[in-house]
$ cat my_file_29.cif   # mmCIF, C-alpha atoms
data_start
loop_
_atom_site.label_atom_id
_atom_site.label_comp_id
_atom_site.auth_asym_id
_atom_site.auth_seq_id
_atom_site.Cartn_x
_atom_site.Cartn_y
_atom_site.Cartn_z
CA MET A 228 -5.45 -13.43 -21.75
CA GLU A 229 -5.24 -15.12 -25.14
CA LEU A 230 -2.01 -13.26 -25.94
CA HIS A 231 -0.51 -14.39 -22.62
CA GLY A 232 -1.36 -17.99 -23.46
CA GLN A 233 0.32 -17.67 -26.84
CA VAL A 234 3.48 -16.31 -25.23
CA ILE A 235 3.55 -19.26 -22.82
CA MET A 236 3.08 -21.72 -25.69
CA LEU A 237 5.93 -20.14 -27.67
CA ALA A 238 8.20 -20.19 -24.62
CA ALA A 239 7.35 -23.85 -23.97
CA ALA A 240 7.97 -24.72 -27.64
CA ASN A 241 11.34 -22.95 -27.44
CA VAL A 242 12.38 -24.98 -24.39
CA VAL A 243 11.27 -28.26 -26.01
CA CYS A 244 13.12 -27.51 -29.26
CA ARG A 245 16.26 -26.47 -27.39
CA PHE A 246 16.07 -29.67 -25.32
CA VAL A 247 15.53 -32.05 -28.25
CA SER A 248 18.03 -30.35 -30.57
CA ALA A 249 20.73 -30.61 -27.87
CA LEU A 250 20.02 -33.98 -26.22
CA ALA A 251 19.61 -36.00 -29.42
CA PRO A 252 23.05 -35.16 -30.92
CA MET A 253 24.61 -35.50 -27.46
CA LEU A 254 23.42 -39.10 -27.31
CA VAL A 255 24.59 -39.78 -30.88
CA PHE A 256 28.00 -38.27 -30.11
CA GLY A 257 28.52 -40.18 -26.86
CA ALA A 258 27.44 -43.53 -28.30
CA SER A 259 29.49 -43.06 -31.49
CA LEU A 260 32.63 -41.96 -29.65
CA MET A 261 32.25 -44.91 -27.28
CA LEU A 262 32.15 -47.28 -30.26
CA ALA A 263 35.02 -45.52 -32.04
CA THR A 264 37.26 -45.89 -28.97
CA SER A 265 36.10 -49.36 -27.91
CA GLY A 266 39.29 -51.11 -29.01
CA ASN A 267 37.29 -53.98 -30.50
CA ALA A 268 36.35 -53.25 -34.13
CA GLN A 269 34.23 -56.39 -34.53
CA VAL A 270 32.04 -55.74 -31.50
CA ALA A 271 31.87 -52.04 -32.34
CA GLN A 272 30.62 -52.80 -35.85
CA ARG A 273 27.96 -55.15 -34.49
CA LEU A 274 26.78 -52.61 -31.92
CA ASN A 275 26.87 -49.83 -34.50
CA ALA A 276 24.46 -51.79 -36.68
CA ARG A 277 22.28 -52.62 -33.67
CA LEU A 278 22.10 -49.00 -32.53
CA ARG A 279 21.61 -47.55 -36.00
CA PRO A 280 17.78 -47.29 -35.81
CA LEU A 281 18.04 -45.48 -32.46
CA LEU A 282 20.76 -43.10 -33.67
CA ARG A 283 18.83 -42.50 -36.89
CA GLY A 284 15.71 -41.65 -34.89
CA LEU A 285 17.64 -39.26 -32.65
CA ALA A 286 19.15 -37.43 -35.62
CA THR A 287 15.74 -37.27 -37.31
CA ILE A 288 13.99 -35.58 -34.39
CA ALA A 289 16.93 -33.24 -33.79
CA LEU A 290 16.77 -31.74 -37.28
CA PRO A 291 13.24 -30.22 -37.23
CA ALA A 292 13.73 -29.16 -33.60
CA ALA A 293 16.85 -27.23 -34.60
CA LEU A 294 15.18 -25.71 -37.66
CA LEU A 295 12.17 -24.49 -35.65
CA LEU A 296 14.42 -22.53 -33.32
CA LEU A 297 14.95 -19.81 -35.94
CA SER A 298 11.21 -19.18 -36.30
CA LEU A 299 10.82 -19.04 -32.53
CA GLU A 300 13.74 -16.61 -32.19
CA ALA A 301 12.22 -14.39 -34.88
CA ALA A 302 8.95 -14.30 -32.94
CA PHE A 303 10.74 -13.33 -29.71
CA VAL A 304 12.91 -10.67 -31.39
CA THR A 305 9.99 -8.97 -33.13
CA ASP A 306 7.37 -9.77 -30.47
CA SER A 307 5.13 -11.05 -33.26
CA ARG A 308 3.99 -14.55 -34.15
CA ALA A 309 3.68 -13.44 -37.78
CA ALA A 310 7.47 -13.18 -37.94
CA MET A 311 7.72 -16.96 -37.61
CA HIS A 312 6.52 -17.30 -41.20
CA ASP A 313 7.94 -14.11 -42.71
CA PRO A 314 10.86 -14.93 -45.06
CA ALA A 315 12.37 -11.44 -44.81
CA THR A 316 12.45 -11.53 -41.00
CA LEU A 317 13.82 -15.06 -40.91
CA ARG A 318 16.54 -14.05 -43.35
CA GLN A 319 17.47 -11.04 -41.24
CA VAL A 320 17.74 -13.13 -38.06
CA ALA A 321 19.68 -15.91 -39.78
CA LEU A 322 22.21 -13.74 -41.60
CA PHE A 323 22.70 -10.70 -39.38
CA THR A 324 22.63 -11.96 -35.78
CA ASP A 325 25.04 -14.07 -33.74
CA TYR A 326 22.10 -16.32 -32.90
CA GLY A 327 21.44 -16.84 -36.60
CA HIS A 328 25.04 -17.71 -37.35
CA ALA A 329 25.10 -20.35 -34.60
CA TRP A 330 21.70 -21.62 -35.78
CA MET A 331 22.99 -22.07 -39.34
CA ALA A 332 26.02 -24.02 -38.11
CA GLN A 333 23.82 -26.27 -35.99
CA GLY A 334 21.18 -26.71 -38.68
CA ILE A 335 23.61 -27.58 -41.48
CA ALA A 336 25.49 -30.03 -39.27
CA SER A 337 22.18 -31.60 -38.15
CA LEU A 338 21.13 -32.07 -41.77
CA ILE A 339 24.45 -33.71 -42.70
CA LEU A 340 24.26 -36.01 -39.66
CA CYS A 341 20.72 -37.01 -40.57
CA LEU A 342 21.74 -37.77 -44.16
CA ALA A 343 24.73 -39.81 -42.99
CA LEU A 344 22.44 -42.03 -40.92
CA TRP A 345 19.70 -42.38 -43.54
CA LEU A 346 21.78 -42.94 -46.69
CA PRO A 347 22.43 -46.59 -47.61
CA GLY A 348 25.43 -48.18 -45.97
CA LEU A 349 26.72 -48.12 -42.42
CA ARG A 350 28.74 -45.04 -41.46
CA SER A 351 31.74 -45.51 -39.19
CA PRO A 352 31.32 -44.50 -35.52
CA ALA A 353 34.26 -42.09 -35.89
CA LEU A 354 32.49 -40.22 -38.69
CA LEU A 355 29.22 -40.07 -36.76
CA ALA A 356 31.09 -38.79 -33.71
CA CYS A 357 32.67 -36.02 -35.79
CA LEU A 358 29.38 -35.02 -37.41
CA SER A 359 27.45 -34.97 -34.13
CA ALA A 360 30.30 -33.02 -32.53
CA CYS A 361 29.82 -30.36 -35.23
CA VAL A 362 26.13 -30.16 -34.27
CA LEU A 363 27.10 -29.70 -30.63
CA VAL A 364 29.56 -26.94 -31.53
CA GLY A 365 26.59 -25.08 -33.03
CA VAL A 366 24.70 -25.61 -29.78
CA GLY A 367 27.66 -24.50 -27.67
CA ILE A 368 28.35 -21.18 -29.41
CA ASN A 369 24.94 -19.83 -28.56
CA GLY A 370 23.06 -18.60 -25.50
CA HIS A 371 24.78 -17.16 -22.43
CA ALA A 372 28.17 -18.33 -23.70
CA THR A 373 28.10 -15.36 -26.12
CA MET A 374 27.91 -12.74 -23.37
CA ASP A 375 31.65 -11.94 -23.39
CA GLU A 376 33.80 -10.39 -26.12
CA GLY A 377 37.41 -10.69 -27.25
CA LEU A 378 39.69 -13.42 -25.96
CA LEU A 379 37.50 -13.97 -22.90
CA GLY A 380 34.53 -14.44 -25.19
CA LEU A 381 36.38 -17.06 -27.24
CA ALA A 382 37.49 -18.82 -24.04
CA HIS A 383 33.89 -18.81 -22.79
CA LEU A 384 32.63 -20.34 -26.04
CA ALA A 385 35.40 -22.96 -26.06
CA ASN A 386 34.67 -23.88 -22.44
CA ASN A 387 30.96 -24.21 -23.16
CA VAL A 388 31.59 -26.47 -26.16
CA ALA A 389 34.00 -28.60 -24.09
CA HIS A 390 31.36 -28.85 -21.35
CA ILE A 391 28.75 -30.08 -23.80
CA LEU A 392 31.09 -32.62 -25.42
CA CYS A 393 32.23 -34.06 -22.07
CA SER A 394 28.64 -34.27 -20.84
CA ALA A 395 27.55 -35.83 -24.14
CA TYR A 396 30.09 -38.62 -23.82
CA TRP A 397 29.10 -39.17 -20.19
CA ILE A 398 25.45 -39.88 -20.96
CA GLY A 399 25.61 -40.92 -24.63
CA ALA A 400 28.17 -43.68 -24.09
CA LEU A 401 25.68 -45.36 -21.79
CA LEU A 402 23.60 -46.23 -24.87
CA VAL A 403 26.44 -48.63 -25.69
CA VAL A 404 26.96 -49.76 -22.11
CA LEU A 405 23.34 -50.90 -21.80
CA PRO A 406 23.38 -53.53 -24.61
CA LEU A 407 26.74 -54.75 -23.27
CA LEU A 408 25.18 -55.24 -19.85
CA TYR A 409 22.10 -56.98 -21.23
CA SER A 410 24.29 -59.50 -23.09
CA TRP A 411 26.88 -59.70 -20.30
CA ARG A 412 26.36 -63.34 -19.36
CA ASP A 413 26.96 -64.53 -22.94
CA GLU A 414 29.55 -62.01 -24.13
CA HIS A 415 31.34 -60.78 -21.01
CA ARG A 416 34.77 -61.72 -22.43
CA ASP A 417 34.34 -59.23 -25.27
CA ALA A 418 32.36 -56.73 -23.23
CA SER A 419 34.68 -56.53 -20.24
CA PRO A 420 37.64 -54.83 -22.00
CA ILE A 421 35.27 -52.35 -23.65
CA MET A 422 33.70 -51.55 -20.29
CA MET A 423 37.11 -50.98 -18.72
CA ARG A 424 38.10 -48.65 -21.55
CA PHE A 425 34.84 -46.76 -21.06
CA SER A 426 35.57 -46.55 -17.35
CA THR A 427 38.94 -44.92 -18.06
CA LEU A 428 37.59 -42.42 -20.57
CA GLY A 429 34.52 -41.89 -18.41
CA HIS A 430 36.68 -40.56 -15.57
CA PHE A 431 38.01 -37.86 -17.89
CA ALA A 432 34.53 -37.09 -19.23
CA VAL A 433 33.00 -36.72 -15.77
CA ALA A 434 35.91 -34.62 -14.50
CA GLY A 435 35.83 -32.48 -17.65
CA SER A 436 32.09 -31.98 -17.41
CA LEU A 437 32.29 -30.92 -13.76
CA LEU A 438 35.28 -28.58 -14.18
CA THR A 439 33.98 -26.87 -17.31
CA GLY A 440 30.54 -26.62 -15.71
CA VAL A 441 31.97 -24.82 -12.68
CA LEU A 442 33.95 -22.44 -14.92
CA ASP A 443 30.92 -21.78 -17.12
CA THR A 444 28.80 -20.99 -14.07
CA TRP A 445 31.41 -18.54 -12.77
CA LEU A 446 31.74 -16.84 -16.16
CA ILE A 447 27.98 -16.32 -16.37
CA LEU A 448 27.31 -15.30 -12.76
CA ARG A 449 30.46 -13.29 -12.02
CA GLY A 450 28.74 -10.02 -12.89
CA SER A 451 25.33 -10.61 -11.33
CA GLY A 452 26.32 -12.52 -8.20
CA LEU A 453 24.26 -15.10 -6.32
CA SER A 454 20.58 -14.46 -5.71
CA PHE A 455 18.05 -16.91 -4.30
CA HIS A 456 15.32 -14.85 -5.97
CA SER A 457 16.71 -15.45 -9.49
CA ARG A 458 14.69 -18.04 -11.40
CA TYR A 459 17.76 -18.74 -13.52
CA GLN A 460 19.83 -19.58 -10.46
CA GLN A 461 17.04 -21.66 -8.91
CA TRP A 462 16.90 -23.88 -11.99
CA LEU A 463 20.70 -23.90 -12.15
CA ALA A 464 20.79 -25.16 -8.55
CA ALA A 465 18.38 -27.95 -9.54
CA LYS A 466 20.68 -28.89 -12.42
CA ILE A 467 23.70 -28.96 -10.11
CA ALA A 468 21.81 -31.29 -7.76
CA VAL A 469 21.01 -33.62 -10.67
CA VAL A 470 24.66 -33.64 -11.79
CA LEU A 471 25.81 -34.45 -8.26
CA ALA A 472 23.37 -37.37 -8.22
CA MET A 473 24.78 -38.54 -11.56
CA THR A 474 28.30 -38.34 -10.15
CA ILE A 475 27.33 -40.46 -7.14
CA LEU A 476 25.74 -43.01 -9.47
CA ALA A 477 28.87 -43.10 -11.65
CA LEU A 478 31.16 -43.63 -8.66
CA SER A 479 28.96 -46.34 -7.15
CA ASN A 480 28.75 -48.10 -10.52
CA ARG A 481 32.50 -48.08 -11.06
CA TYR A 482 33.75 -48.80 -7.56
CA TYR A 483 30.94 -50.82 -5.99
CA TRP A 484 28.87 -52.70 -8.56
CA VAL A 485 31.36 -53.40 -11.38
CA PRO A 486 33.85 -55.22 -9.08
CA ARG A 487 30.96 -57.41 -7.88
CA LEU A 488 29.76 -58.51 -11.34
CA ALA A 489 31.59 -61.83 -11.11
CA SER A 490 30.68 -62.63 -7.52
CA GLU A 491 27.17 -61.27 -6.80
CA ALA A 492 24.07 -62.17 -8.80
CA ARG A 493 22.35 -58.92 -7.86
CA ALA A 494 25.18 -56.77 -9.23
CA LEU A 495 24.21 -57.07 -12.91
CA PRO A 496 20.53 -56.06 -12.57
CA ALA A 497 21.53 -53.30 -10.14
CA LEU A 498 24.09 -51.97 -12.60
CA ARG A 499 21.61 -52.04 -15.47
CA ARG A 500 19.08 -50.17 -13.34
CA GLN A 501 21.58 -47.52 -12.27
CA VAL A 502 22.71 -46.93 -15.84
CA TRP A 503 19.09 -46.24 -16.79
CA TYR A 504 18.86 -43.84 -13.85
CA THR A 505 21.96 -42.03 -15.11
CA VAL A 506 20.57 -41.66 -18.64
CA ALA A 507 17.31 -40.30 -17.21
CA ALA A 508 19.16 -37.90 -14.89
CA GLY A 509 21.40 -36.71 -17.74
CA SER A 510 18.33 -36.05 -19.89
CA LEU A 511 16.76 -34.10 -17.02
CA ALA A 512 19.93 -32.02 -16.67
CA VAL A 513 19.79 -31.11 -20.38
CA LEU A 514 16.11 -30.19 -20.01
CA LEU A 515 16.93 -27.89 -17.10
CA VAL A 516 19.67 -26.22 -19.16
CA ALA A 517 17.17 -25.70 -22.00
CA LEU A 518 14.83 -24.10 -19.46
CA PHE A 519 17.13 -21.72 -17.60
CA GLY A 520 19.08 -20.98 -20.78
CA THR A 521 16.13 -18.82 -21.85
CA LEU A 522 16.24 -16.75 -18.63
CA SER A 523 18.37 -13.86 -17.43
CA PRO A 524 21.12 -14.92 -14.98
CA GLY A 525 20.49 -11.99 -12.64
#
$ encode --input "my_file_29.cif" --output "structure tokens"
Amino acid sequence: MELHGQVIMLAAANVVCRFVSALAPMLVFGASLMLATSGNAQVAQRLNARLRPLLRGLATIALPAALLLLSLEAAFVTDSRAAMHDPATLRQVALFTDYGHAWMAQGIASLILCLALWLPGLRSPALLACLSACVLVGVGINGHATMDEGLLGLAHLANNVAHILCSAYWIGALLVVLPLLYSWRDEHRDASPIMMRFSTLGHFAVAGSLLTGVLDTWLILRGSGLSFHSRYQQWLAAKIAVVLAMTILALSNRYYWVPRLASEARALPALRRQVWYTVAAGSLAVLLVALFGTLSPG
């Protein structure tokens, strides 16, 4: 009974670490890319300074979460908790497994991102976007995306990375949209062009996230087929439902509430509320991926 409880705790810790180590750099990437492509350097610099404590905090929690994943993987591979603290086993997993190679890429990139945000001086959004993208590449070349070999395997990895980057921009950019909305009445002249640019890029991000998500699902399930009894596919269905809800929110924001900002008083608070809903839904989607990513697709 005690052993069963330990297994559950390790599995839960694995899901939490996967969730935090993926979501945090996704938010940093989306917010940084939004600022880098805002078209208004002055506003972008001001928002970059304003968001720095949040981005710094996200990078800080992502680093230990990513580092702990190696110890957890060692415990699962050897079926022994003692392996979590055994240097020889950790070295073997890190250096001689595909998981370890992806973990090293993610861990090193996470460390560099954390240093960039903690060292004195303000890093440019473009640099932070590049560094957080490197972290997400480490996330994307792991898990079920490694199930294929050869050219198909490379295509699967590339598609998975593209899916993560598109999704990261979708939800992470909203960290910039929110302060723009909260200062809308005083700074709408500066904020409006940035919002319109985000709307344009957001269309590509949403479309890219949906298309790469469909392709990734097909690549993973093409061999096992659909099964309502598969826990993996049950959680995947929940994630798809969340993404559809996010898509509906994005469309209603762009084509219903944004055009009414100038004419309806209720549009601004409604838009702020729906952006928060989207961030929460995006975080839930990442949590579901962290959960079913540890399960067999069949």
$ atom_distance --input "my_file_29.cif" --atom1 "CA of Ala309 (chain A)" --atom2 "CA of Val234 (chain A)"
12.9 Å
$ atom_distance --input "my_file_29.cif" --atom1 "CA of Leu355 (chain A)" --atom2 "CA of Leu290 (chain A)"
15.0 Å
$ axis_aligned_box --input "my_file_29.cif" --around "region 375-393 of chain A" --padding-each-side "4 Å" --output "lines of an AutoDock Vina configuration file"
center_x = 34.2
center_y = -22.2
center_z = -24.3
size_x = 18.9
size_y = 31.7
size_z = 13.9
$ residues_near_point --input "my_file_29.cif" --point "(28.8, -29.8, -41.2)" --cutoff "12 Å" --atoms "all atoms listed in the file" --output "PDB file with C-alpha atoms, keeping the file's coordinate frame"
ATOM      1  CA  MET A 331      22.990 -22.070 -39.340  1.00  0.00           C
ATOM      2  CA  ALA A 332      26.020 -24.020 -38.110  1.00  0.00           C
ATOM      3  CA  GLN A 333      23.820 -26.270 -35.990  1.00  0.00           C
ATOM      4  CA  GLY A 334      21.180 -26.710 -38.680  1.00  0.00           C
ATOM      5  CA  ILE A 335      23.610 -27.580 -41.480  1.00  0.00           C
ATOM      6  CA  ALA A 336      25.490 -30.030 -39.270  1.00  0.00           C
ATOM      7  CA  SER A 337      22.180 -31.600 -38.150  1.00  0.00           C
ATOM      8  CA  LEU A 338      21.130 -32.070 -41.770  1.00  0.00           C
ATOM      9  CA  ILE A 339      24.450 -33.710 -42.700  1.00  0.00           C
ATOM     10  CA  LEU A 340      24.260 -36.010 -39.660  1.00  0.00           C
ATOM     11  CA  CYS A 341      20.720 -37.010 -40.570  1.00  0.00           C
ATOM     12  CA  LEU A 342      21.740 -37.770 -44.160  1.00  0.00           C
ATOM     13  CA  ALA A 343      24.730 -39.810 -42.990  1.00  0.00           C
ATOM     14  CA  LEU A 354      32.490 -40.220 -38.690  1.00  0.00           C
ATOM     15  CA  LEU A 355      29.220 -40.070 -36.760  1.00  0.00           C
ATOM     16  CA  ALA A 356      31.090 -38.790 -33.710  1.00  0.00           C
ATOM     17  CA  CYS A 357      32.670 -36.020 -35.790  1.00  0.00           C
ATOM     18  CA  LEU A 358      29.380 -35.020 -37.410  1.00  0.00           C
ATOM     19  CA  SER A 359      27.450 -34.970 -34.130  1.00  0.00           C
ATOM     20  CA  ALA A 360      30.300 -33.020 -32.530  1.00  0.00           C
ATOM     21  CA  CYS A 361      29.820 -30.360 -35.230  1.00  0.00           C
ATOM     22  CA  VAL A 362      26.130 -30.160 -34.270  1.00  0.00           C
ATOM     23  CA  LEU A 363      27.100 -29.700 -30.630  1.00  0.00           C
ATOM     24  CA  VAL A 364      29.560 -26.940 -31.530  1.00  0.00           C
ATOM     25  CA  GLY A 365      26.590 -25.080 -33.030  1.00  0.00           C
TER      26      GLY A 365
END
$ closest_residue --input "my_file_29.cif" --among "A:Leu471, A:Val270, A:Leu442, A:Ala372" --to "Pro420 (chain A)" --atoms "only C-alpha atoms"
A:Val270
$ resolve_selection --input "my_file_29.cif" --expression "the PyMOL selection byres ((chain A and resi 386) around 12)" --output "PyMOL selection string"
chain A and resi 364+367-368+371-373+379-385+387-393+435-447
$ resolve_selection --input "my_file_29.cif" --expression "the PyMOL selection byres ((chain A and resi 428) around 12)" --output "list in words"
Gly257, Leu260, Met261, Thr264, Ser265, Cys393, Tyr396, Trp397, Ala400, Ile421, Met422, Met423, Arg424, Phe425, Ser426, Thr427, Gly429, His430, Phe431, Ala432, Val433, Ala434 and Gly435 of chain A
$ closest_atom_pairs --input "my_file_29.cif" --of "region 324-418 of chain A" --to "region 275-285 of chain A" --cutoff "9 Å" --atoms "only C-alpha atoms" --output "Markdown table"
| residue | atom | partner | partner_atom | distance |
| --- | --- | --- | --- | --- |
| A:Leu340 | CA | A:Arg283 | CA | 8.9 |
| A:Cys341 | CA | A:Arg283 | CA | 6.9 |
| A:Ala343 | CA | A:Arg283 | CA | 8.9 |
| A:Leu344 | CA | A:Arg283 | CA | 5.4 |
| A:Trp345 | CA | A:Arg283 | CA | 6.7 |
| A:Leu349 | CA | A:Ala276 | CA | 7.2 |
| A:Arg350 | CA | A:Asn275 | CA | 8.7 |
| A:Ser351 | CA | A:Asn275 | CA | 8.0 |
| A:Pro352 | CA | A:Asn275 | CA | 7.0 |
| A:Leu402 | CA | A:Leu278 | CA | 8.3 |
| A:Val403 | CA | A:Leu278 | CA | 8.1 |
$ atom_distance --input "my_file_29.cif" --atom1 "CA of Thr521 (chain A)" --atom2 "CA of Gly370 (chain A)"
7.8 Å
$ closest_residue --input "my_file_29.cif" --among "A:Pro252, A:Val320, A:Ile288, A:Val304" --to "Ala395 (chain A)" --atoms "only C-alpha atoms"
A:Pro252
$ decode --input "my_file_29.cif" --residues "region 317-394 of chain A" --atoms "C-alpha atoms" --output "tab-separated table (two decimals), in the first residue's frame"
chain	number	residue	atom	x	y	z
A	317	LEU	CA	21.36	10.06	-13.55
A	318	ARG	CA	24.44	10.25	-15.75
A	319	GLN	CA	23.37	7.17	-17.70
A	320	VAL	CA	19.88	8.56	-18.32
A	321	ALA	CA	21.17	12.02	-19.25
A	322	LEU	CA	23.92	10.93	-21.63
A	323	PHE	CA	22.67	7.70	-23.18
A	324	THR	CA	18.92	8.14	-23.74
A	325	ASP	CA	16.90	10.28	-26.13
A	326	TYR	CA	14.98	11.56	-23.11
A	327	GLY	CA	18.24	12.66	-21.50
A	328	HIS	CA	19.41	14.49	-24.60
A	329	ALA	CA	16.13	16.44	-24.82
A	330	TRP	CA	16.30	17.09	-21.06
A	331	MET	CA	19.81	18.56	-21.36
A	332	ALA	CA	18.71	20.87	-24.18
A	333	GLN	CA	15.72	22.05	-22.16
A	334	GLY	CA	17.67	22.39	-18.93
A	335	ILE	CA	20.56	24.37	-20.42
A	336	ALA	CA	18.18	26.69	-22.28
A	337	SER	CA	16.11	27.16	-19.10
A	338	LEU	CA	19.23	28.12	-17.16
A	339	ILE	CA	20.33	30.65	-19.80
A	340	LEU	CA	16.82	32.16	-19.91
A	341	CYS	CA	16.77	32.46	-16.14
A	342	LEU	CA	20.17	34.16	-16.12
A	343	ALA	CA	19.11	36.57	-18.86
A	344	LEU	CA	16.15	37.70	-16.76
A	345	TRP	CA	18.04	37.93	-13.46
A	346	LEU	CA	21.27	39.61	-14.60
A	347	PRO	CA	21.35	43.42	-14.32
A	348	GLY	CA	19.95	45.29	-17.27
A	349	LEU	CA	16.83	44.81	-19.36
A	350	ARG	CA	17.08	42.17	-22.08
A	351	SER	CA	15.36	42.85	-25.39
A	352	PRO	CA	12.06	41.02	-26.04
A	353	ALA	CA	13.56	39.51	-29.21
A	354	LEU	CA	16.37	37.90	-27.21
A	355	LEU	CA	13.96	36.58	-24.57
A	356	ALA	CA	11.73	35.18	-27.32
A	357	CYS	CA	14.71	33.35	-28.85
A	358	LEU	CA	15.88	31.96	-25.51
A	359	SER	CA	12.43	30.78	-24.45
A	360	ALA	CA	11.93	29.27	-27.91
A	361	CYS	CA	15.08	27.19	-27.31
A	362	VAL	CA	13.53	25.93	-24.06
A	363	LEU	CA	10.37	24.97	-25.93
A	364	VAL	CA	12.38	23.12	-28.57
A	365	GLY	CA	13.73	20.96	-25.73
A	366	VAL	CA	10.15	20.35	-24.59
A	367	GLY	CA	8.99	19.55	-28.13
A	368	ILE	CA	11.61	16.93	-28.99
A	369	ASN	CA	10.50	14.65	-26.19
A	370	GLY	CA	7.56	12.41	-25.35
A	371	HIS	CA	5.33	10.82	-27.98
A	372	ALA	CA	6.87	12.99	-30.69
A	373	THR	CA	9.91	10.66	-30.61
A	374	MET	CA	7.92	7.56	-31.57
A	375	ASP	CA	8.84	7.68	-35.27
A	376	GLU	CA	12.23	7.29	-36.97
A	377	GLY	CA	13.90	8.65	-40.08
A	378	LEU	CA	12.40	11.52	-42.06
A	379	LEU	CA	8.95	10.89	-40.59
A	380	GLY	CA	10.46	11.11	-37.13
A	381	LEU	CA	12.08	14.46	-37.93
A	382	ALA	CA	8.81	15.73	-39.41
A	383	HIS	CA	6.95	14.61	-36.28
A	384	LEU	CA	9.41	16.44	-34.02
A	385	ALA	CA	9.28	19.58	-36.17
A	386	ASN	CA	5.48	19.54	-36.16
A	387	ASN	CA	5.38	19.12	-32.39
A	388	VAL	CA	7.78	22.03	-31.87
A	389	ALA	CA	5.73	24.20	-34.26
A	390	HIS	CA	2.57	23.25	-32.35
A	391	ILE	CA	4.10	24.30	-29.04
A	392	LEU	CA	5.43	27.60	-30.42
A	393	CYS	CA	2.10	28.54	-32.03
A	394	SER	CA	0.21	27.65	-28.86
